[in-house]
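Structure first, commentary second.
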Amino acid sequence: MSEPYAPQIAEVTGLGMITIRADLGAAETTAVFEHALGLAAPAPRQITQAAELALAWMSPDEAMLFCPRAEVGARVTALTEGFGDAFATCVDVSDARRVYEVSGPGARECLAKLTPAPMAPERFGMGEMRRTRLAQVATALWMPAPDRVRLICFRSVAQYVEDLLAVSAAPGGALRLFAE
């Protein structure tokens with residue numbers, strides 16, 4: 001018998017977010033990430049992580065840095081100085097976004113009911129970043145650990161996202177889509 005359907009939903013607080021616009025394929029950008037962050041540039045649809053930092057590929061010219069909220073100012077300064085005169089921008093978007101974590105038995109299924117992104121274990125795993133939607137709102141998904149999925153959305157739709165997740169995670173909502 002499989003585990004009960006019991007996904008847990010929580011807002012992730014204390015997390016800073018920095019949008020970085022630059023040519024992610026350029027050697028100069030890779031050098032800045034390695035020097036200023038100690039992280040490799042993420043490949044398309046990937047996220048690189050080390051300790052409390054994560055650097056996500058968002059598009060060919062956009063990355064998102066996740067770091068402790070208290071470090072955002074220093075990280076923006078280090079990145080900006082690292083890029084120097086190169087065509088790049090680094091902006092604190094922490095107040096414009098919300099991050100939620102779905103964990104526990106049924107976490108993948110909870111999200112699979114809401115997004116067109118493939119959530120099956122063989123199609124979505126650790127180290128991947130997916131830009132997609134949750135119902136009708138833009139979101140991005142990644143797995144920081146095997147039993148947890150994080151999602152980011154705009155602050156303006158946060159209540160809607162919370163409500164969607166709560167309904168999808170409600171007891172009795174199991175579809176048994178994946179063997180977990």
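As shown in the structure tokens, the chain order sets the letters A, B, ...; within each chain, residues go from 1, and ligands are also counted from 1 in the order they appear.
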
Problem - Surrounding residues of A:Val72 excluding itself and chain neighbours under 2 positions, 8 Å, only C-alpha atoms, as a count of residues only - result: 11

Quick one: residues within 8 Å of A:Pro60, only C-alpha atoms counted, chain neighbours fewer than 2 positions away excluded, as a tab-separated table (two decimals) with N, CA, C and O atoms, in the first residue's frame?
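Writing the result to selection-v1.tsv gives the following:
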chain	number	residue	atom	x	y	z
A	23	ASP	N	24.31	37.84	-21.13
A	23	ASP	CA	24.45	36.73	-22.06
A	23	ASP	C	24.98	35.54	-21.28
A	23	ASP	O	26.16	35.47	-20.96
A	24	LEU	N	24.10	34.59	-20.93
A	24	LEU	CA	24.50	33.47	-20.09
A	24	LEU	C	25.49	32.53	-20.77
A	24	LEU	O	26.16	31.75	-20.10
A	25	GLY	N	25.59	32.62	-22.09
A	25	GLY	CA	26.53	31.78	-22.81
A	25	GLY	C	27.93	32.38	-22.93
A	25	GLY	O	28.86	31.72	-23.39
A	44	PRO	N	20.91	25.49	-19.81
A	44	PRO	CA	19.48	25.71	-20.03
A	44	PRO	C	18.62	24.76	-19.20
A	44	PRO	O	18.91	23.56	-19.11
A	57	TRP	N	18.80	29.04	-14.39
A	57	TRP	CA	18.65	29.49	-15.76
A	57	TRP	C	17.17	29.81	-15.96
A	57	TRP	O	16.30	28.98	-15.71
A	58	MET	N	16.88	31.02	-16.40
A	58	MET	CA	15.49	31.42	-16.65
A	58	MET	C	15.22	31.61	-18.14
A	58	MET	O	14.10	31.40	-18.60
A	62	GLU	N	18.79	35.47	-19.01
A	62	GLU	CA	18.32	35.75	-17.65
A	62	GLU	C	18.62	34.59	-16.71
A	62	GLU	O	18.35	33.43	-17.03

Exercise for the section: Considering only C-alpha atoms, state which residue in the set A:Ala56, A:Ala158, A:Leu164, A:Ala63 is at the smallest distance from A:Met143. Expected result: A:Ala56

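The two atoms in question, atom CA of A:Pro116 and atom CA of A:Pro42, are spaced 23.1 Å apart.
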
Exercise for the section: Find the spatial neighbours of stretch 125-141 of chain A, counting only C-alpha atoms, within a cut-off of 7 Å - ignore same-chain residues fewer than 6 positions away - and output them as JSON, numbers by chain. Expected result: {"A": [45, 46, 47, 48, 56, 57, 114, 115, 117, 149, 150, 151, 152, 153]}

Any chance you can output those residues with all heavy atoms as a JSON list (two decimals), in the first residue's frame?
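Saved to part_32.json:
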[["chain", "number", "residue", "atom", "x", "y", "z"],
["A", 45, "ARG", "N", 17.59, 25.33, -18.57],
["A", 45, "ARG", "CA", 16.63, 24.62, -17.72],
["A", 45, "ARG", "C", 17.28, 23.92, -16.53],
["A", 45, "ARG", "O", 16.77, 22.93, -16.04],
["A", 45, "ARG", "CB", 15.81, 23.62, -18.54],
["A", 45, "ARG", "CG", 14.84, 24.30, -19.46],
["A", 45, "ARG", "CD", 13.89, 23.35, -20.17],
["A", 45, "ARG", "NE", 13.70, 22.09, -19.48],
["A", 45, "ARG", "CZ", 13.46, 20.94, -20.11],
["A", 45, "ARG", "NH1", 13.38, 20.90, -21.40],
["A", 45, "ARG", "NH2", 13.27, 19.84, -19.42],
["A", 46, "GLN", "N", 18.39, 24.48, -16.06],
["A", 46, "GLN", "CA", 19.07, 23.88, -14.91],
["A", 46, "GLN", "C", 19.23, 24.90, -13.80],
["A", 46, "GLN", "O", 19.06, 26.10, -14.00],
["A", 46, "GLN", "CB", 20.45, 23.35, -15.32],
["A", 46, "GLN", "CG", 20.42, 22.29, -16.40],
["A", 46, "GLN", "CD", 19.75, 21.01, -15.95],
["A", 46, "GLN", "OE1", 20.12, 20.42, -14.94],
["A", 46, "GLN", "NE2", 18.73, 20.59, -16.68],
["A", 47, "ILE", "N", 19.60, 24.41, -12.62],
["A", 47, "ILE", "CA", 19.87, 25.26, -11.47],
["A", 47, "ILE", "C", 21.10, 24.70, -10.78],
["A", 47, "ILE", "O", 21.23, 23.48, -10.62],
["A", 47, "ILE", "CB", 18.65, 25.34, -10.52],
["A", 47, "ILE", "CG1", 18.87, 26.34, -9.39],
["A", 47, "ILE", "CG2", 18.24, 23.99, -9.99],
["A", 47, "ILE", "CD1", 17.60, 26.71, -8.64],
["A", 48, "THR", "N", 22.06, 25.56, -10.48],
["A", 48, "THR", "CA", 23.27, 25.14, -9.77],
["A", 48, "THR", "C", 23.13, 25.61, -8.33],
["A", 48, "THR", "O", 22.63, 26.71, -8.07],
["A", 48, "THR", "CB", 24.55, 25.71, -10.41],
["A", 48, "THR", "OG1", 24.47, 27.12, -10.45],
["A", 48, "THR", "CG2", 24.73, 25.18, -11.82],
["A", 56, "ALA", "N", 19.66, 29.91, -11.05],
["A", 56, "ALA", "CA", 18.76, 29.24, -11.98],
["A", 56, "ALA", "C", 18.79, 29.88, -13.36],
["A", 56, "ALA", "O", 18.80, 31.10, -13.48],
["A", 56, "ALA", "CB", 17.34, 29.29, -11.44],
["A", 57, "TRP", "N", 18.80, 29.04, -14.39],
["A", 57, "TRP", "CA", 18.65, 29.49, -15.76],
["A", 57, "TRP", "C", 17.17, 29.81, -15.96],
["A", 57, "TRP", "O", 16.30, 28.98, -15.71],
["A", 57, "TRP", "CB", 19.07, 28.38, -16.72],
["A", 57, "TRP", "CG", 19.01, 28.74, -18.17],
["A", 57, "TRP", "CD1", 20.03, 29.24, -18.92],
["A", 57, "TRP", "CD2", 17.90, 28.61, -19.07],
["A", 57, "TRP", "NE1", 19.62, 29.45, -20.22],
["A", 57, "TRP", "CE2", 18.31, 29.07, -20.33],
["A", 57, "TRP", "CE3", 16.59, 28.17, -18.92],
["A", 57, "TRP", "CZ2", 17.48, 29.08, -21.44],
["A", 57, "TRP", "CZ3", 15.75, 28.19, -20.03],
["A", 57, "TRP", "CH2", 16.20, 28.64, -21.27],
["A", 114, "LEU", "N", -1.89, 20.86, -11.47],
["A", 114, "LEU", "CA", -2.01, 22.30, -11.72],
["A", 114, "LEU", "C", -1.15, 22.84, -12.86],
["A", 114, "LEU", "O", -1.38, 23.95, -13.32],
["A", 114, "LEU", "CB", -1.62, 23.06, -10.43],
["A", 114, "LEU", "CG", -2.48, 22.77, -9.21],
["A", 114, "LEU", "CD1", -1.86, 23.38, -7.97],
["A", 114, "LEU", "CD2", -3.90, 23.28, -9.43],
["A", 115, "THR", "N", -0.15, 22.08, -13.28],
["A", 115, "THR", "CA", 0.78, 22.59, -14.29],
["A", 115, "THR", "C", 0.89, 21.63, -15.48],
["A", 115, "THR", "O", 0.78, 20.42, -15.31],
["A", 115, "THR", "CB", 2.19, 22.81, -13.68],
["A", 115, "THR", "OG1", 3.06, 23.31, -14.70],
["A", 115, "THR", "CG2", 2.78, 21.54, -13.10],
["A", 117, "ALA", "N", 3.66, 21.23, -16.97],
["A", 117, "ALA", "CA", 5.03, 20.72, -16.92],
["A", 117, "ALA", "C", 5.02, 19.26, -16.46],
["A", 117, "ALA", "O", 4.28, 18.91, -15.54],
["A", 117, "ALA", "CB", 5.89, 21.56, -15.96],
["A", 149, "VAL", "N", 9.55, 20.30, -3.76],
["A", 149, "VAL", "CA", 9.49, 21.10, -4.98],
["A", 149, "VAL", "C", 9.23, 22.53, -4.56],
["A", 149, "VAL", "O", 8.32, 22.80, -3.76],
["A", 149, "VAL", "CB", 8.38, 20.62, -5.94],
["A", 149, "VAL", "CG1", 8.37, 21.48, -7.20],
["A", 149, "VAL", "CG2", 8.55, 19.15, -6.28],
["A", 150, "ARG", "N", 10.03, 23.44, -5.07],
["A", 150, "ARG", "CA", 9.80, 24.86, -4.81],
["A", 150, "ARG", "C", 9.24, 25.50, -6.05],
["A", 150, "ARG", "O", 9.55, 25.10, -7.17],
["A", 150, "ARG", "CB", 11.10, 25.56, -4.40],
["A", 150, "ARG", "CG", 11.49, 25.21, -2.98],
["A", 150, "ARG", "CD", 12.56, 26.10, -2.46],
["A", 150, "ARG", "NE", 12.76, 25.82, -1.05],
["A", 150, "ARG", "CZ", 13.69, 26.39, -0.32],
["A", 150, "ARG", "NH1", 14.51, 27.28, -0.86],
["A", 150, "ARG", "NH2", 13.80, 26.10, 0.96],
["A", 151, "LEU", "N", 8.42, 26.52, -5.84],
["A", 151, "LEU", "CA", 7.89, 27.27, -6.96],
["A", 151, "LEU", "C", 7.95, 28.75, -6.63],
["A", 151, "LEU", "O", 7.83, 29.16, -5.48],
["A", 151, "LEU", "CB", 6.48, 26.83, -7.33],
["A", 151, "LEU", "CG", 5.37, 27.05, -6.33],
["A", 151, "LEU", "CD1", 4.59, 28.30, -6.67],
["A", 151, "LEU", "CD2", 4.45, 25.86, -6.35],
["A", 152, "ILE", "N", 8.17, 29.52, -7.67],
["A", 152, "ILE", "CA", 8.23, 30.97, -7.54],
["A", 152, "ILE", "C", 7.12, 31.57, -8.39],
["A", 152, "ILE", "O", 6.84, 31.08, -9.49],
["A", 152, "ILE", "CB", 9.62, 31.51, -7.98],
["A", 152, "ILE", "CG1", 9.71, 33.02, -7.81],
["A", 152, "ILE", "CG2", 9.96, 31.09, -9.38],
["A", 152, "ILE", "CD1", 11.10, 33.59, -8.09],
["A", 153, "CYS", "N", 6.47, 32.59, -7.83],
["A", 153, "CYS", "CA", 5.42, 33.29, -8.57],
["A", 153, "CYS", "C", 5.52, 34.78, -8.24],
["A", 153, "CYS", "O", 6.22, 35.19, -7.33],
["A", 153, "CYS", "CB", 4.03, 32.76, -8.21],
["A", 153, "CYS", "SG", 3.51, 33.08, -6.51]]

Handout entry: Nearby residues (only C-alpha atoms) at most 10 Å from A:Gly173, same-chain spacing under 5 positions excluded, as a VMD selection string
Key = chain A and resid 5 to 6 106 109 to 110 113 167 to 168

Write to file, as an mmCIF file, in the first residue's frame, the residues of the selection just made, with all heavy atoms.
data_model
loop_
_atom_site.group_PDB
_atom_site.id
_atom_site.type_symbol
_atom_site.label_atom_id
_atom_site.label_comp_id
_atom_site.auth_asym_id
_atom_site.auth_seq_id
_atom_site.Cartn_x
_atom_site.Cartn_y
_atom_site.Cartn_z
ATOM 1 N N TYR A 5 -1.800 10.386 0.762
ATOM 2 C CA TYR A 5 -1.628 11.635 0.026
ATOM 3 C C TYR A 5 -1.630 12.758 1.049
ATOM 4 O O TYR A 5 -2.663 13.062 1.648
ATOM 5 C CB TYR A 5 -2.779 11.794 -0.973
ATOM 6 C CG TYR A 5 -2.706 13.039 -1.829
ATOM 7 C CD1 TYR A 5 -1.790 13.117 -2.865
ATOM 8 C CD2 TYR A 5 -3.562 14.106 -1.623
ATOM 9 C CE1 TYR A 5 -1.725 14.242 -3.674
ATOM 10 C CE2 TYR A 5 -3.516 15.232 -2.419
ATOM 11 C CZ TYR A 5 -2.594 15.290 -3.451
ATOM 12 O OH TYR A 5 -2.530 16.412 -4.245
ATOM 13 N N ALA A 6 -0.465 13.350 1.280
ATOM 14 C CA ALA A 6 -0.371 14.378 2.320
ATOM 15 C C ALA A 6 0.667 15.434 1.984
ATOM 16 O O ALA A 6 1.582 15.688 2.759
ATOM 17 C CB ALA A 6 -0.043 13.724 3.655
ATOM 18 N N GLY A 106 2.969 12.839 -2.183
ATOM 19 C CA GLY A 106 2.027 13.455 -3.111
ATOM 20 C C GLY A 106 2.437 14.828 -3.616
ATOM 21 O O GLY A 106 1.669 15.472 -4.320
ATOM 22 N N GLU A 109 2.373 14.983 -7.384
ATOM 23 C CA GLU A 109 1.001 14.862 -7.859
ATOM 24 C C GLU A 109 0.216 16.151 -7.615
ATOM 25 O O GLU A 109 -0.558 16.594 -8.463
ATOM 26 C CB GLU A 109 0.312 13.700 -7.163
ATOM 27 C CG GLU A 109 -1.072 13.444 -7.680
ATOM 28 C CD GLU A 109 -1.684 12.186 -7.119
ATOM 29 O OE1 GLU A 109 -0.966 11.179 -6.949
ATOM 30 O OE2 GLU A 109 -2.888 12.223 -6.856
ATOM 31 N N CYS A 110 0.427 16.760 -6.470
ATOM 32 C CA CYS A 110 -0.234 18.026 -6.144
ATOM 33 C C CYS A 110 0.040 19.055 -7.243
ATOM 34 O O CYS A 110 -0.861 19.736 -7.708
ATOM 35 C CB CYS A 110 0.271 18.522 -4.790
ATOM 36 S SG CYS A 110 -0.332 20.149 -4.301
ATOM 37 N N LYS A 113 -1.372 18.259 -10.985
ATOM 38 C CA LYS A 113 -2.776 18.602 -11.216
ATOM 39 C C LYS A 113 -2.949 20.054 -11.637
ATOM 40 O O LYS A 113 -4.003 20.436 -12.121
ATOM 41 C CB LYS A 113 -3.602 18.330 -9.957
ATOM 42 C CG LYS A 113 -3.714 16.855 -9.636
ATOM 43 C CD LYS A 113 -4.701 16.591 -8.523
ATOM 44 C CE LYS A 113 -4.137 16.873 -7.163
ATOM 45 N NZ LYS A 113 -5.109 16.600 -6.076
ATOM 46 N N VAL A 167 -6.168 23.670 -2.419
ATOM 47 C CA VAL A 167 -7.207 22.801 -2.985
ATOM 48 C C VAL A 167 -6.577 21.528 -3.554
ATOM 49 O O VAL A 167 -7.069 20.423 -3.327
ATOM 50 C CB VAL A 167 -8.026 23.544 -4.064
ATOM 51 C CG1 VAL A 167 -8.912 22.585 -4.838
ATOM 52 C CG2 VAL A 167 -8.853 24.648 -3.418
ATOM 53 N N SER A 168 -5.472 21.673 -4.261
ATOM 54 C CA SER A 168 -4.830 20.512 -4.866
ATOM 55 C C SER A 168 -4.267 19.546 -3.819
ATOM 56 O O SER A 168 -4.214 18.342 -4.038
ATOM 57 C CB SER A 168 -3.709 20.959 -5.809
ATOM 58 O OG SER A 168 -3.175 19.857 -6.489
#

Handout entry: Which of chain A DSSP labels alpha helix (DSSP H), written as a PyMOL selection string
Key = chain A and resi 27-37+72-83+107-112+158-168

Exercise for the section: Rounded to one decimal place, report the atom CA of A:Phe33-atom CA of A:Val93 distance in Å. Expected result: 18.3 Å

Problem - Selection near A:Ala40, 10 Å with only C-alpha atoms, sequence-local residues under 2 positions removed, as a VMD selection string - result: chain A and resid 29 to 35 37 to 38 42 to 43 47 to 50 55

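Pairwise distance (atom CA of A:Pro171, atom CA of A:Arg123) equals 25.6 Å.
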
Practice task
Assign secondary structure with DSSP using the backbone only, and return the residues of chain A in strand (DSSP E) as a PyMOL selection string.
Solution key: chain A and resi 8-11+15-21+47-50+53-59+62-68+89-92+97-103+129-134+137-145+148-154
